[in-house]
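Here is the structure we will look at, set down as structure tokens.
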Amino acid sequence: MNKPRAMRDELLENIWRAMDSNKEIFFVSADFGSPVLDRIRSDYPERFVNVGVAEQNLINVSAGLALEGFQVFAYAIAPFITMRCFEQIRVSLALLSEVRQMNVNLIGVGAGYSYVMSGPTHQCYEDITLMRSLPNFQIFSPADHKVAGLLFQHCVDHSGPKYLRLDAQVLPTIYEDAAPSLKKGFHVHQAGDTTCVMATGYMLHTALEIAASFRQQGIELGVIDLFDLARFDQTELIAELQEYTHLVTMEEGFHGRGGMDSLLFELIARHDLDLRMLNLGIDGKYRFELGSRVELHEKAGIGPVAAAKRISAFLER
Amino acid sequence: MREAARLAPGIHLPGDGFISFFGFGQFQGSGYSVVIANSINLSDKAHWVWRETLAIHRRAPETRIASSLSSIEIFVALYYGGILEFDPQEPFWDMRDRCVISKGHGSICMYPILAELGYFPRSELQRVCQTGSFLGGIPDPVIPGYETINGSLGHGLGVATGMALGLRRKKHPRSVFVVCGDGELHEGANWEAIMFATQHGLDNLHLIVDDNKTAMLDYTDNILSHQDLAARLEAFGWQTVRCDGHDTDALQTVLSQMKSTNSGQPKALLASTIKGRGVPGLENQPLAHILNPKRELLDSLLGDSSDE
């Protein structure tokens, strides 16, 4: 289905479809819903549980179910499912999965500013940093519902704890025809001259928009969607990066605080790549202004206009 | 092997030499499965565990001794009193009862128990807290017989409720037991789990509180009192019973009754215990948790024991 829809609806529909034949799937929510979730609730009440507004218990109950062999999907708003219960995630998922086999998939809805009007408590700019600090965790940050939907099969096929960072809004479809390789963990949308823009989640849309405008000025930017933030194919990604002299990272999270930008810094330093870097992310401050997502992004320095300006300046240096 | 173990709660053990060595009585079936006979004296067993635990602490002062002495009889009743089903040869045997030891630091007394039951060689007890040993100051599931990560308090009950729900949904007959401390119940996540267990009628879930009434720096009542803990748990919808947590026979009777009562409510046993029991200077000492008895005191308590 290429008609744009919410990432969670695509993922949850795949879960719902599979629950009929796959009796091991268990869905746990912290009082967070969606129209598709209503189908799971009504069709599989034995394998659905709402723990209430209790994220700490969401994680621990999910861990317990996973120890009993269930493939667990735990569902809540992104900042709450990562930060309210971070020690439960650390102890009962990251640590315990070092010793015992368990399959728990945290579905966090509301990446970055995607709860536009709800302010900083419901927005999520720190989760990439926190989740990538945990060994054993796989982290996915899709840019459209197609990739979000693809993640389902990966989740049931691969054990271990995972974090799925989903946007709360309906975003345009990016992968109209071909599906990206989950094994590779990233997708090259276009090759560029000297500069590559590496984006994750919503920011891929901004990156593609900026690349289109640069093309009109005769500059080809490379654009890569890094949707796997933990186990992407490093060798392949390094091979891509070796084609460039400049790298721009774009994430809807704080920059310079251990997010995707740090991940790439570390990769580049470890492999001695000769790349200049510009990191575009949210400046390290909390904002209470209201506005559209694009307006908020412009204020935070990651909107299409602000980001394009910074990229131009970066290229001239 | 399995068949006999299912006849009654108890353990099945690998070899008859092992059985006679530990004095278990009654043989079942082919001779390598046993059901613990009534003749086993739980109180003697508890005393043996007490000595072994002190001896471990003498060798490894990094272990928390006071809270490991209050829980001895609880574990003896669970593992020797015929309450739990388990298989030392296959720690994650599907037909085991799940025992989540949430008060990790306060369960060093499980080391001699697990070793004696055959989860790992007794020689490992000589290496507690040493390089290369899996028996640390806070037990984790790298130790055969442990289910979950412990040490960070207040996680065991939540994970156990998930296990209990999972067992229920699988229509699995086994139960979940959680041993936690009263200080540990300060952690709010426990109360999320307590509400959850009631909501889902998890009567296959058994919480045993080692109610030694002492946290790390003071008596629990002086820090954040549970007031009447039984009344609180009952108000949350739990079936609650209290008994002397150092009376192995009482514990065995109560736990056995708890396990066989299924009325749609989760169950809690509040075991009234004494932190640092049997060690002068630790008993009735609010700082018992962080105190180490002097070597000479341990020597005098253990006598010229051959424990080492």
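We label chains A, B, ... in the order they appear in the structure tokens, count residues from 1 in each chain, and number ligands from 1 in the order shown.
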Would you tabulate, counting only C-alpha atoms, all residues of chain B that have an atom at most 8 Å from an atom of chain A, showing the closest pair of atoms and their distance in Å to one decimal, sorted by chain then ascending number, as a tab-separated table?
```
residue	atom	partner	partner_atom	distance
B:Pro141	CA	A:Val99	CA	6.8
B:Val142	CA	A:Val99	CA	6.7
B:Thr148	CA	A:Leu96	CA	6.6
B:Ile149	CA	A:Leu96	CA	5.9
B:Ser152	CA	A:Val91	CA	7.7
B:His155	CA	A:Asn60	CA	6.9
B:Gly158	CA	A:Asn60	CA	5.0
B:Val159	CA	A:Gly64	CA	4.5
B:Ala160	CA	A:Gly64	CA	5.9
B:Thr161	CA	A:Val61	CA	6.1
B:Gly162	CA	A:Val61	CA	3.8
B:Met163	CA	A:Gly64	CA	4.2
B:Ala164	CA	A:Gly64	CA	7.7
B:Leu165	CA	A:Leu65	CA	7.0
B:Gly166	CA	A:Leu65	CA	5.0
B:Leu167	CA	A:Glu68	CA	6.9
B:Arg169	CA	A:Glu46	CA	6.8
B:Ala189	CA	A:Gln56	CA	6.0
B:Glu192	CA	A:Asn57	CA	6.0
B:Ala193	CA	A:Asn57	CA	6.1
B:Phe196	CA	A:Val51	CA	6.7
```
Generate the output file for the selected residues, all heavy atoms, as a compact mmCIF listing (two decimals), in the first residue's frame.
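Okay, again-v3.txt is ready:
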```
# COMPACT_ATOMS: atom_id res chain seq x y z
N PRO B 141 21.76 -14.00 36.54
CA PRO B 141 21.41 -15.30 35.92
C PRO B 141 22.55 -15.98 35.16
O PRO B 141 22.29 -16.93 34.44
CB PRO B 141 20.24 -14.92 35.00
CG PRO B 141 20.36 -13.47 34.76
CD PRO B 141 21.02 -12.89 35.97
N VAL B 142 23.77 -15.51 35.32
CA VAL B 142 24.88 -16.36 34.87
C VAL B 142 25.06 -17.51 35.86
O VAL B 142 25.78 -18.46 35.59
CB VAL B 142 26.21 -15.56 34.77
CG1 VAL B 142 26.14 -14.55 33.63
CG2 VAL B 142 26.54 -14.85 36.08
N THR B 148 16.54 -14.02 36.70
CA THR B 148 16.54 -12.65 36.20
C THR B 148 17.73 -11.86 36.74
O THR B 148 18.43 -12.32 37.63
CB THR B 148 15.25 -11.91 36.64
OG1 THR B 148 15.19 -11.93 38.06
CG2 THR B 148 14.01 -12.56 36.08
N ILE B 149 17.89 -10.66 36.20
CA ILE B 149 18.90 -9.75 36.70
C ILE B 149 18.41 -9.20 38.05
O ILE B 149 17.26 -8.79 38.19
CB ILE B 149 19.10 -8.57 35.73
CG1 ILE B 149 19.54 -9.06 34.35
CG2 ILE B 149 20.08 -7.55 36.31
CD1 ILE B 149 20.96 -9.57 34.27
N SER B 152 19.60 -4.32 41.15
CA SER B 152 18.83 -3.09 41.09
C SER B 152 17.44 -3.45 41.59
O SER B 152 16.76 -4.30 41.01
CB SER B 152 18.78 -2.56 39.66
OG SER B 152 17.95 -1.43 39.65
N HIS B 155 12.69 -4.63 40.43
CA HIS B 155 12.39 -5.10 39.07
C HIS B 155 11.77 -6.49 39.06
O HIS B 155 11.03 -6.84 38.16
CB HIS B 155 13.66 -5.12 38.23
CG HIS B 155 14.23 -3.76 37.95
ND1 HIS B 155 13.55 -2.82 37.22
CD2 HIS B 155 15.38 -3.18 38.33
CE1 HIS B 155 14.27 -1.71 37.14
NE2 HIS B 155 15.39 -1.90 37.82
N GLY B 158 7.80 -7.00 38.82
CA GLY B 158 7.22 -6.65 37.52
C GLY B 158 7.50 -7.72 36.48
O GLY B 158 6.60 -8.14 35.73
N VAL B 159 8.74 -8.17 36.41
CA VAL B 159 9.09 -9.22 35.45
C VAL B 159 8.31 -10.49 35.78
O VAL B 159 7.79 -11.18 34.90
CB VAL B 159 10.61 -9.49 35.45
CG1 VAL B 159 10.96 -10.66 34.54
CG2 VAL B 159 11.37 -8.23 35.01
N ALA B 160 8.18 -10.76 37.07
CA ALA B 160 7.45 -11.97 37.50
C ALA B 160 5.97 -11.88 37.10
O ALA B 160 5.38 -12.91 36.72
CB ALA B 160 7.57 -12.15 39.01
N THR B 161 5.38 -10.71 37.17
CA THR B 161 3.97 -10.60 36.75
C THR B 161 3.85 -10.88 35.26
O THR B 161 2.88 -11.51 34.82
CB THR B 161 3.36 -9.21 37.06
OG1 THR B 161 4.16 -8.20 36.46
CG2 THR B 161 3.25 -8.96 38.54
N GLY B 162 4.85 -10.44 34.49
CA GLY B 162 4.84 -10.76 33.06
C GLY B 162 4.96 -12.26 32.83
O GLY B 162 4.27 -12.83 31.98
N MET B 163 5.82 -12.90 33.63
CA MET B 163 5.97 -14.36 33.51
C MET B 163 4.66 -15.06 33.90
O MET B 163 4.22 -15.99 33.23
CB MET B 163 7.11 -14.86 34.41
CG MET B 163 8.48 -14.37 33.99
SD MET B 163 9.71 -14.57 35.31
CE MET B 163 10.33 -16.19 34.94
N ALA B 164 4.06 -14.56 34.97
CA ALA B 164 2.81 -15.19 35.45
C ALA B 164 1.70 -15.03 34.40
O ALA B 164 0.93 -15.96 34.14
CB ALA B 164 2.38 -14.57 36.78
N LEU B 165 1.64 -13.85 33.78
CA LEU B 165 0.64 -13.65 32.73
C LEU B 165 0.94 -14.56 31.54
O LEU B 165 0.02 -15.16 30.97
CB LEU B 165 0.65 -12.17 32.28
CG LEU B 165 -0.34 -11.82 31.16
CD1 LEU B 165 -1.78 -11.91 31.66
CD2 LEU B 165 -0.06 -10.42 30.60
N GLY B 166 2.23 -14.67 31.20
CA GLY B 166 2.60 -15.54 30.08
C GLY B 166 2.23 -16.99 30.34
O GLY B 166 1.67 -17.67 29.48
N LEU B 167 2.52 -17.46 31.56
CA LEU B 167 2.17 -18.84 31.92
C LEU B 167 0.66 -19.04 31.83
O LEU B 167 0.17 -20.05 31.32
CB LEU B 167 2.66 -19.16 33.33
CG LEU B 167 4.19 -19.28 33.52
CD1 LEU B 167 4.54 -19.39 35.00
CD2 LEU B 167 4.73 -20.48 32.75
N ARG B 169 -1.51 -17.41 30.05
CA ARG B 169 -1.99 -17.38 28.66
C ARG B 169 -1.62 -18.67 27.91
O ARG B 169 -2.29 -19.08 26.99
CB ARG B 169 -1.42 -16.17 27.92
CG ARG B 169 -1.98 -14.84 28.41
CD ARG B 169 -3.48 -14.71 28.12
NE ARG B 169 -3.93 -13.37 28.39
CZ ARG B 169 -4.59 -12.99 29.49
NH1 ARG B 169 -4.90 -13.89 30.43
NH2 ARG B 169 -4.95 -11.74 29.65
N ALA B 189 7.77 1.08 41.04
CA ALA B 189 7.44 0.13 39.98
C ALA B 189 6.77 -1.12 40.55
O ALA B 189 5.94 -1.75 39.89
CB ALA B 189 8.68 -0.24 39.18
N GLU B 192 3.08 -0.64 40.58
CA GLU B 192 2.47 -0.81 39.25
C GLU B 192 2.21 -2.31 39.04
O GLU B 192 1.16 -2.71 38.54
CB GLU B 192 3.41 -0.28 38.16
CG GLU B 192 3.65 1.23 38.20
CD GLU B 192 4.57 1.71 37.07
OE1 GLU B 192 4.99 0.91 36.22
OE2 GLU B 192 4.87 2.93 37.05
N ALA B 193 3.18 -3.12 39.41
CA ALA B 193 3.05 -4.57 39.22
C ALA B 193 1.99 -5.15 40.15
O ALA B 193 1.23 -6.05 39.77
CB ALA B 193 4.39 -5.25 39.45
N PHE B 196 -1.28 -4.45 38.66
CA PHE B 196 -1.43 -5.25 37.44
C PHE B 196 -1.82 -6.69 37.77
O PHE B 196 -2.71 -7.27 37.15
CB PHE B 196 -0.11 -5.21 36.66
CG PHE B 196 -0.12 -5.97 35.37
CD1 PHE B 196 -0.51 -5.36 34.19
CD2 PHE B 196 0.27 -7.31 35.32
CE1 PHE B 196 -0.51 -6.06 32.99
CE2 PHE B 196 0.27 -8.02 34.14
CZ PHE B 196 -0.13 -7.40 32.96
```
Closest contacts (range 64-89 of chain A/range 148-165 of chain A, max 9 Å, only C-alpha atoms) as CSV:
```
residue,atom,partner,partner_atom,distance
A:Gln71,CA,A:Val156,CA,6.6
A:Val72,CA,A:Val156,CA,8.9
A:Phe73,CA,A:Cys155,CA,8.9
A:Ala78,CA,A:Arg165,CA,6.9
A:Thr82,CA,A:Tyr163,CA,8.6
A:Ile89,CA,A:Pro161,CA,9.0
```
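Considering only range 169-208 of chain B, backbone DSSP assigns alpha helix (DSSP H) to Arg169, Gly188, Ala189, Asn190, Trp191, Glu192, Ala193, Ile194, Met195, Phe196, Ala197, Thr198 and Gln199 of chain B.
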Restricting it to all heavy atoms, dump the selection as a JSON list (two decimals), in the first residue's frame.
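As written to disk, out_30.json reads:
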```json
[["chain", "number", "residue", "atom", "x", "y", "z"],
["B", 169, "ARG", "N", -1.51, -17.41, 30.05],
["B", 169, "ARG", "CA", -1.99, -17.38, 28.66],
["B", 169, "ARG", "C", -1.62, -18.67, 27.91],
["B", 169, "ARG", "O", -2.29, -19.08, 26.99],
["B", 169, "ARG", "CB", -1.42, -16.17, 27.92],
["B", 169, "ARG", "CG", -1.98, -14.84, 28.41],
["B", 169, "ARG", "CD", -3.48, -14.71, 28.12],
["B", 169, "ARG", "NE", -3.93, -13.37, 28.39],
["B", 169, "ARG", "CZ", -4.59, -12.99, 29.49],
["B", 169, "ARG", "NH1", -4.90, -13.89, 30.43],
["B", 169, "ARG", "NH2", -4.95, -11.74, 29.65],
["B", 188, "GLY", "N", 8.57, 2.42, 43.37],
["B", 188, "GLY", "CA", 7.19, 2.56, 42.89],
["B", 188, "GLY", "C", 6.80, 1.56, 41.83],
["B", 188, "GLY", "O", 5.62, 1.20, 41.73],
["B", 189, "ALA", "N", 7.77, 1.08, 41.04],
["B", 189, "ALA", "CA", 7.44, 0.13, 39.98],
["B", 189, "ALA", "C", 6.77, -1.12, 40.55],
["B", 189, "ALA", "O", 5.94, -1.75, 39.89],
["B", 189, "ALA", "CB", 8.68, -0.24, 39.18],
["B", 190, "ASN", "N", 7.13, -1.49, 41.80],
["B", 190, "ASN", "CA", 6.48, -2.64, 42.43],
["B", 190, "ASN", "C", 4.97, -2.45, 42.48],
["B", 190, "ASN", "O", 4.21, -3.39, 42.27],
["B", 190, "ASN", "CB", 6.97, -2.81, 43.87],
["B", 190, "ASN", "CG", 8.36, -3.40, 43.93],
["B", 190, "ASN", "OD1", 8.64, -4.41, 43.30],
["B", 190, "ASN", "ND2", 9.24, -2.73, 44.67],
["B", 191, "TRP", "N", 4.57, -1.22, 42.77],
["B", 191, "TRP", "CA", 3.14, -0.99, 42.97],
["B", 191, "TRP", "C", 2.38, -0.96, 41.65],
["B", 191, "TRP", "O", 1.20, -1.28, 41.60],
["B", 191, "TRP", "CB", 2.93, 0.25, 43.84],
["B", 191, "TRP", "CG", 3.54, -0.01, 45.19],
["B", 191, "TRP", "CD1", 4.82, 0.25, 45.57],
["B", 191, "TRP", "CD2", 2.93, -0.71, 46.29],
["B", 191, "TRP", "NE1", 5.05, -0.22, 46.84],
["B", 191, "TRP", "CE2", 3.90, -0.81, 47.32],
["B", 191, "TRP", "CE3", 1.66, -1.25, 46.51],
["B", 191, "TRP", "CZ2", 3.64, -1.42, 48.54],
["B", 191, "TRP", "CZ3", 1.40, -1.85, 47.73],
["B", 191, "TRP", "CH2", 2.38, -1.94, 48.73],
["B", 192, "GLU", "N", 3.08, -0.64, 40.58],
["B", 192, "GLU", "CA", 2.47, -0.81, 39.25],
["B", 192, "GLU", "C", 2.21, -2.31, 39.04],
["B", 192, "GLU", "O", 1.16, -2.71, 38.54],
["B", 192, "GLU", "CB", 3.41, -0.28, 38.16],
["B", 192, "GLU", "CG", 3.65, 1.23, 38.20],
["B", 192, "GLU", "CD", 4.57, 1.71, 37.07],
["B", 192, "GLU", "OE1", 4.99, 0.91, 36.22],
["B", 192, "GLU", "OE2", 4.87, 2.93, 37.05],
["B", 193, "ALA", "N", 3.18, -3.12, 39.41],
["B", 193, "ALA", "CA", 3.05, -4.57, 39.22],
["B", 193, "ALA", "C", 1.99, -5.15, 40.15],
["B", 193, "ALA", "O", 1.23, -6.05, 39.77],
["B", 193, "ALA", "CB", 4.39, -5.25, 39.45],
["B", 194, "ILE", "N", 1.92, -4.62, 41.36],
["B", 194, "ILE", "CA", 0.94, -5.11, 42.33],
["B", 194, "ILE", "C", -0.48, -4.86, 41.82],
["B", 194, "ILE", "O", -1.35, -5.73, 41.89],
["B", 194, "ILE", "CB", 1.20, -4.45, 43.71],
["B", 194, "ILE", "CG1", 2.43, -5.09, 44.36],
["B", 194, "ILE", "CG2", -0.03, -4.56, 44.62],
["B", 194, "ILE", "CD1", 3.01, -4.32, 45.54],
["B", 195, "MET", "N", -0.71, -3.67, 41.26],
["B", 195, "MET", "CA", -2.03, -3.37, 40.68],
["B", 195, "MET", "C", -2.31, -4.26, 39.48],
["B", 195, "MET", "O", -3.42, -4.75, 39.29],
["B", 195, "MET", "CB", -2.08, -1.89, 40.26],
["B", 195, "MET", "CG", -2.19, -0.92, 41.41],
["B", 195, "MET", "SD", -2.56, 0.76, 40.83],
["B", 195, "MET", "CE", -0.93, 1.31, 40.36],
["B", 196, "PHE", "N", -1.28, -4.45, 38.66],
["B", 196, "PHE", "CA", -1.43, -5.25, 37.44],
["B", 196, "PHE", "C", -1.82, -6.69, 37.77],
["B", 196, "PHE", "O", -2.71, -7.27, 37.15],
["B", 196, "PHE", "CB", -0.11, -5.21, 36.66],
["B", 196, "PHE", "CG", -0.12, -5.97, 35.37],
["B", 196, "PHE", "CD1", -0.51, -5.36, 34.19],
["B", 196, "PHE", "CD2", 0.27, -7.31, 35.32],
["B", 196, "PHE", "CE1", -0.51, -6.06, 32.99],
["B", 196, "PHE", "CE2", 0.27, -8.02, 34.14],
["B", 196, "PHE", "CZ", -0.13, -7.40, 32.96],
["B", 197, "ALA", "N", -1.15, -7.25, 38.78],
["B", 197, "ALA", "CA", -1.41, -8.66, 39.14],
["B", 197, "ALA", "C", -2.84, -8.84, 39.60],
["B", 197, "ALA", "O", -3.49, -9.85, 39.30],
["B", 197, "ALA", "CB", -0.43, -9.10, 40.22],
["B", 198, "THR", "N", -3.35, -7.87, 40.34],
["B", 198, "THR", "CA", -4.73, -7.94, 40.79],
["B", 198, "THR", "C", -5.69, -7.84, 39.61],
["B", 198, "THR", "O", -6.63, -8.62, 39.48],
["B", 198, "THR", "CB", -5.04, -6.79, 41.77],
["B", 198, "THR", "OG1", -4.12, -6.86, 42.85],
["B", 198, "THR", "CG2", -6.46, -6.88, 42.28],
["B", 199, "GLN", "N", -5.40, -6.87, 38.75],
["B", 199, "GLN", "CA", -6.27, -6.62, 37.59],
["B", 199, "GLN", "C", -6.45, -7.88, 36.77],
["B", 199, "GLN", "O", -7.52, -8.15, 36.24],
["B", 199, "GLN", "CB", -5.66, -5.51, 36.73],
["B", 199, "GLN", "CG", -6.48, -5.10, 35.52],
["B", 199, "GLN", "CD", -7.70, -4.29, 35.91],
["B", 199, "GLN", "OE1", -7.72, -3.67, 36.97],
["B", 199, "GLN", "NE2", -8.72, -4.31, 35.07]]
```
_Show me, as a PyMOL selection string, the residues that have an atom within 12 Å of Asn279 in chain A when counting only C-alpha atoms, minus same-chain residues fewer than 6 positions from it._
chain A and resi 196-199+246-265+301-302+307+310-311+314
*Any idea what's packed within 8 Å of range 55-65 of chain B, counting only C-alpha atoms, ignoring anything in its chain fewer than 4 positions away? Could you give it as an MDAnalysis selection string?*
chainID B and resid 51 69 105:106 108 125:126 128:129 136:138 276 289:290 292 295 298 302 307:308
Do you know which residues are at most 10 Å from Arg8 in chain A counting only C-alpha atoms, after dropping those on the same chain fewer than 6 positions away, and could you put them as a tab-separated table (two decimals) with all heavy atoms, in the first residue's frame?
```tsv
chain	number	residue	atom	x	y	z
A	14	ASN	N	0.39	-5.09	10.17
A	14	ASN	CA	1.17	-6.31	9.92
A	14	ASN	C	1.18	-7.22	11.15
A	14	ASN	O	1.12	-8.44	11.02
A	14	ASN	CB	2.61	-5.94	9.52
A	14	ASN	CG	2.66	-5.35	8.12
A	14	ASN	OD1	1.68	-5.41	7.37
A	14	ASN	ND2	3.79	-4.76	7.77
A	33	GLY	N	-3.16	4.05	22.10
A	33	GLY	CA	-3.94	3.32	21.11
A	33	GLY	C	-3.69	3.74	19.68
A	33	GLY	O	-2.73	4.44	19.36
A	34	SER	N	-4.56	3.26	18.81
A	34	SER	CA	-4.63	3.65	17.41
A	34	SER	C	-5.81	2.85	16.84
A	34	SER	O	-6.18	1.83	17.41
A	34	SER	CB	-3.35	3.32	16.65
A	34	SER	OG	-3.43	2.05	16.03
A	35	PRO	N	-6.39	3.31	15.74
A	35	PRO	CA	-7.52	2.55	15.19
A	35	PRO	C	-7.16	1.10	14.87
A	35	PRO	O	-7.95	0.19	15.10
A	35	PRO	CB	-7.85	3.34	13.91
A	35	PRO	CG	-7.35	4.72	14.17
A	35	PRO	CD	-6.14	4.57	15.03
A	36	VAL	N	-5.93	0.88	14.38
A	36	VAL	CA	-5.54	-0.51	14.07
A	36	VAL	C	-5.39	-1.31	15.36
A	36	VAL	O	-5.72	-2.49	15.41
A	36	VAL	CB	-4.23	-0.55	13.25
A	36	VAL	CG1	-3.89	-1.98	12.88
A	36	VAL	CG2	-4.36	0.31	12.00
A	37	LEU	N	-4.94	-0.64	16.40
A	37	LEU	CA	-4.79	-1.35	17.67
A	37	LEU	C	-6.14	-1.86	18.17
A	37	LEU	O	-6.22	-2.92	18.81
A	37	LEU	CB	-4.13	-0.45	18.72
A	37	LEU	CG	-3.81	-1.15	20.05
A	37	LEU	CD1	-2.79	-2.26	19.85
A	37	LEU	CD2	-3.30	-0.16	21.08
A	75	TYR	N	4.17	-0.89	23.40
A	75	TYR	CA	3.73	0.27	22.61
A	75	TYR	C	3.41	1.44	23.51
A	75	TYR	O	2.63	1.32	24.46
A	75	TYR	CB	2.49	-0.20	21.85
A	75	TYR	CG	1.83	0.75	20.91
A	75	TYR	CD1	2.50	1.26	19.81
A	75	TYR	CD2	0.49	1.09	21.08
A	75	TYR	CE1	1.84	2.09	18.90
A	75	TYR	CE2	-0.17	1.92	20.19
A	75	TYR	CZ	0.52	2.41	19.10
A	75	TYR	OH	-0.12	3.23	18.21
A	107	ILE	N	7.91	-0.14	20.56
A	107	ILE	CA	7.42	0.76	19.51
A	107	ILE	C	7.16	2.11	20.15
A	107	ILE	O	6.24	2.27	20.96
A	107	ILE	CB	6.11	0.23	18.89
A	107	ILE	CG1	6.28	-1.22	18.41
A	107	ILE	CG2	5.66	1.13	17.75
A	107	ILE	CD1	4.97	-1.87	17.98
A	108	GLY	N	8.01	3.08	19.83
A	108	GLY	CA	7.85	4.43	20.37
A	108	GLY	C	7.30	5.34	19.29
A	108	GLY	O	7.90	5.49	18.23
A	109	VAL	N	6.16	5.92	19.55
A	109	VAL	CA	5.54	6.80	18.56
A	109	VAL	C	5.76	8.25	18.99
A	109	VAL	O	5.48	8.60	20.14
A	109	VAL	CB	4.04	6.50	18.42
A	109	VAL	CG1	3.39	7.47	17.43
A	109	VAL	CG2	3.83	5.06	17.97
A	145	HIS	N	6.06	4.90	6.08
A	145	HIS	CA	5.30	3.75	6.61
A	145	HIS	C	5.72	2.43	5.96
A	145	HIS	O	5.52	1.36	6.54
A	145	HIS	CB	3.80	3.99	6.41
A	145	HIS	CG	3.34	3.86	4.99
A	145	HIS	ND1	3.50	4.86	4.06
A	145	HIS	CD2	2.76	2.82	4.32
A	145	HIS	CE1	3.01	4.46	2.90
A	145	HIS	NE2	2.56	3.23	3.04
A	148	ALA	N	8.50	1.17	8.02
A	148	ALA	CA	7.93	0.80	9.33
A	148	ALA	C	7.23	-0.56	9.23
A	148	ALA	O	7.34	-1.40	10.12
A	148	ALA	CB	6.97	1.88	9.81
A	149	GLY	N	6.52	-0.77	8.12
A	149	GLY	CA	5.82	-2.03	7.92
A	149	GLY	C	6.77	-3.20	7.74
A	149	GLY	O	6.55	-4.29	8.27
A	164	LEU	N	11.92	0.80	18.03
A	164	LEU	CA	11.42	1.29	16.75
A	164	LEU	C	10.93	2.72	16.98
A	164	LEU	O	9.96	2.95	17.71
A	164	LEU	CB	10.26	0.41	16.25
A	164	LEU	CG	10.62	-0.93	15.58
A	164	LEU	CD1	11.56	-1.77	16.42
A	164	LEU	CD2	9.36	-1.72	15.28
A	165	ARG	N	11.63	3.64	16.38
A	165	ARG	CA	11.35	5.07	16.60
A	165	ARG	C	10.45	5.55	15.47
A	165	ARG	O	10.91	5.79	14.34
A	165	ARG	CB	12.68	5.83	16.58
A	165	ARG	CG	12.56	7.31	16.83
A	165	ARG	CD	13.90	8.00	16.60
A	165	ARG	NE	14.02	9.21	17.41
A	165	ARG	CZ	14.17	10.43	16.91
A	165	ARG	NH1	14.20	10.63	15.61
A	165	ARG	NH2	14.28	11.47	17.72
A	166	LEU	N	9.17	5.68	15.75
A	166	LEU	CA	8.22	5.99	14.69
A	166	LEU	C	7.74	7.44	14.77
A	166	LEU	O	7.59	8.00	15.86
A	166	LEU	CB	7.00	5.06	14.77
A	166	LEU	CG	7.26	3.56	14.74
A	166	LEU	CD1	5.94	2.81	14.63
A	166	LEU	CD2	8.19	3.17	13.60
A	167	ASP	N	7.47	7.99	13.59
A	167	ASP	CA	6.89	9.32	13.55
A	167	ASP	C	5.40	9.22	13.89
A	167	ASP	O	4.75	8.23	13.59
A	167	ASP	CB	7.06	9.92	12.16
A	167	ASP	CG	7.11	11.43	12.20
A	167	ASP	OD1	6.02	12.05	12.28
A	167	ASP	OD2	8.22	11.99	12.21
A	168	ALA	N	4.88	10.27	14.50
A	168	ALA	CA	3.46	10.25	14.85
A	168	ALA	C	2.58	10.75	13.70
A	168	ALA	O	1.37	10.52	13.70
A	168	ALA	CB	3.21	11.09	16.10
A	169	GLN	N	3.21	11.44	12.75
A	169	GLN	CA	2.42	12.04	11.66
A	169	GLN	C	2.42	11.12	10.44
A	169	GLN	O	3.25	10.23	10.32
A	169	GLN	CB	3.03	13.38	11.27
A	169	GLN	CG	3.22	14.36	12.42
A	169	GLN	CD	1.90	14.74	13.05
A	169	GLN	OE1	0.94	15.00	12.35
A	169	GLN	NE2	1.86	14.76	14.37
A	170	VAL	N	1.46	11.38	9.56
A	170	VAL	CA	1.46	10.69	8.26
A	170	VAL	C	2.46	11.42	7.37
A	170	VAL	O	2.28	12.61	7.09
A	170	VAL	CB	0.06	10.70	7.63
A	170	VAL	CG1	0.11	10.05	6.25
A	170	VAL	CG2	-0.95	9.98	8.52
```
*Which residues, written as a PyMOL selection string, have at least one atom at most 6 Å from range 286-296 of chain A, with only C-alpha atoms counted and residues fewer than 4 positions away on the same chain left out?*
chain A and resi 116+119+303
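Interatomic distance, CA of Asp247 in chain B to CA of Glu73 in chain B: 6.9 Å.
Residue nearest Asp210 in chain B, chosen from B:Pro112, B:Gly237, B:Gly181, B:Gly303 and counting only C-alpha atoms: B:Gly181.
One distance worth recording is that between CA of Arg127 in chain B and CA of Cys180 in chain B, which is 25.7 Å.
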_Using only C-alpha atoms, which protein or nucleic acid residues come within 7 Å of Trp238 in chain B? Drop anything in the same chain fewer than 2 positions from it, and give the result as an MDAnalysis selection string._
chainID B and resid 198 233:234 236 240 265:268
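Distance check against His186 in chain B using only C-alpha atoms: of B:Gly145, B:Gly154, B:Pro121, B:Pro280, the minimum falls on B:Gly154.
Of the listed residues (B:Leu282, B:Leu301, B:Ala46, B:Leu185), B:Leu185 comes nearest to Ser102 in chain B; the distances count only C-alpha atoms.
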_Given only C-alpha atoms as the counted atoms, nearest of A:Tyr115, A:Glu240, A:Ser312, A:Leu278 to Gln217 in chain A_ = A:Ser312
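Of the listed residues A:Arg231, A:His205, A:Lys309, A:Arg90, the one whose atoms come nearest to Ile139 in chain A is A:Arg231, with distances taken using only C-alpha atoms.
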